[in-house]
Amino acid sequence: MPNTAIKVSHLTKVYKLYDKPIDRLKESLHPLKKKYHKDFYALNDVSFEIKKGETVGIIGKNGAGKSTLLKIITGVLTPSSGHVHVNGRIASLLELGAGFNPEYTGVENIYLQGTLMGYTKEEMESKIQAILDFADIGDFVYQPVKSYSSGMFARLAFAVAINVEPDILIVDEALSVGDMRFQQKCYRKFREFQELKKTILFVTHDTGTIINYCTHTIWINEGKKIDEGSPDEICKRYMSTMAYEQFSSIDKIEINEINENIDIFWHDVSGMESFGEKKVLIKSISMIDEKNPTKQVFRGGENISLKIKMFST
């Protein structure tokens with residue numbers, strides 16, 4: 001598999017859930033091996049393959065198993081069954097705090113991360129200035145990281161991850177704590193990695209980021225792989241599912257008939273992209289002030305009516 005960066009085969013991770021702490025002891029000592037736990041499948045028979053040079057986004061709701069998957073790929077967790085084959089050096093940025101000693105300063109943690117990656121102190125000394133320049137946290141690099149804000153921590157952790165010359169970069173949702181300027185800086189680095197044909201695997205809830213930066217997308221839900229494919233198509237299906245789950249509890253929607261005597265300016269939206277089952281499509285929309293139907297500019301706090309023309313397919 002010379003062109004394969006990561007291959008995940010039938011990966012399963014099961015946790016034992018106990019109602020009470022004493023149940024662990026009861027189970028271990030029971031002569032008939034009676035079970036006092038329930039099995040929770042964080043991952044259930046997940047398989048996929050990532051080619052070298054691909055940028056893959058993993059999407060799914062909270063608790064779907066995304067972070068568990070990344071931890072197993074990076075070796076932080078051991079799977080219950082299945083296996084992962086990784087071809088290349090991995091640099092990972094998982095949840096904030098992973099792999100850093102809170103009592104060490106930023107500089108000390110840089111050397112610590114380098115040691116964990118297999119670099120000598122001399123090799124890390126040649127990289128440290130580039131790491132400090134990218135992190136851009138000033139004299140805080142000489143302070144214990146336990147005093148850092150979440151944004152400063154993310155800056156330092158990402159700066160280390162991208163400057164240790166990885167073949168595969170794995171990023172969990174840690175970038176979401178950074179400000180916009182830092183996020184754009186990180187995404188520009190993604191582009192540089194893509195030009196160098198490096199593999200990127202990251203988790204985010206931002207479907208826009210996945211569509212803009214990824215070449216492939218994997219959708220995980222309740223520990224299972226639902227689908228994988230092009231970012232545009234997978235994100236549409238994912239958003240459709242999330243929207244239906246969100247609005248499934250709404251029992252009644254108030255619908256008012258359009259007063260045809262009012263001269264309304266309609267905005268045609270029939271050509272816009274949409275997602276869902278498409279049993280009903282929106283043709284055009286209009287926002288109006290009933291007292292002044294020709295008004296097109298509104299201020300916050302004003303009462304307006306939203307008119308929608310729909311047709312069934």
# chains A, B, ... in the order shown; residues from 1 in each chain; ligands from 1
call {"tool": "residues_around", "arguments": {"residues": "Leu201 of chain A", "least_positions_apart": "2", "cutoff": "6 Å", "atoms": "only C-alpha atoms", "output": "ChimeraX atom specification"}}
result
/A:55-57,170
call {"tool": "residues_around", "arguments": {"residues": "segment 188-198 of chain A", "least_positions_apart": "4", "cutoff": "7 Å", "atoms": "only C-alpha atoms", "output": "PyMOL selection string"}}
result
chain A and resi 52-53+167-168+184
call {"tool": "residues_around", "arguments": {"residues": "Ser312 of chain A", "least_positions_apart": "6", "cutoff": "12 Å", "atoms": "only C-alpha atoms", "output": "JSON, numbers by chain"}}
result
{"A": [277, 278, 279, 280, 281, 282, 283]}
call {"tool": "select_by_dssp", "arguments": {"residues": "segment 8-183 of chain A", "states": "strand (DSSP E)", "output": "count of residues only"}}
result
45
call {"tool": "closest_residue", "arguments": {"among": "A:Ile58, A:Ile110, A:Lys71, A:Ala42", "to": "Gly229 of chain A", "atoms": "only C-alpha atoms"}}
result
A:Ile58
call {"tool": "atom_distance", "arguments": {"atom1": "atom CA of Ser9 of chain A", "atom2": "atom CA of Asp227 of chain A"}}
result
15.2 Å
call {"tool": "closest_residue", "arguments": {"among": "A:Asp268, A:Phe311, A:Glu54, A:Ser150", "to": "Ser230 of chain A", "atoms": "only C-alpha atoms"}}
result
A:Glu54
call {"tool": "residues_around", "arguments": {"residues": "Ser81 of chain A", "least_positions_apart": "6", "cutoff": "9 Å", "atoms": "only C-alpha atoms", "output": "PyMOL selection string"}}
result
chain A and resi 10-14+45
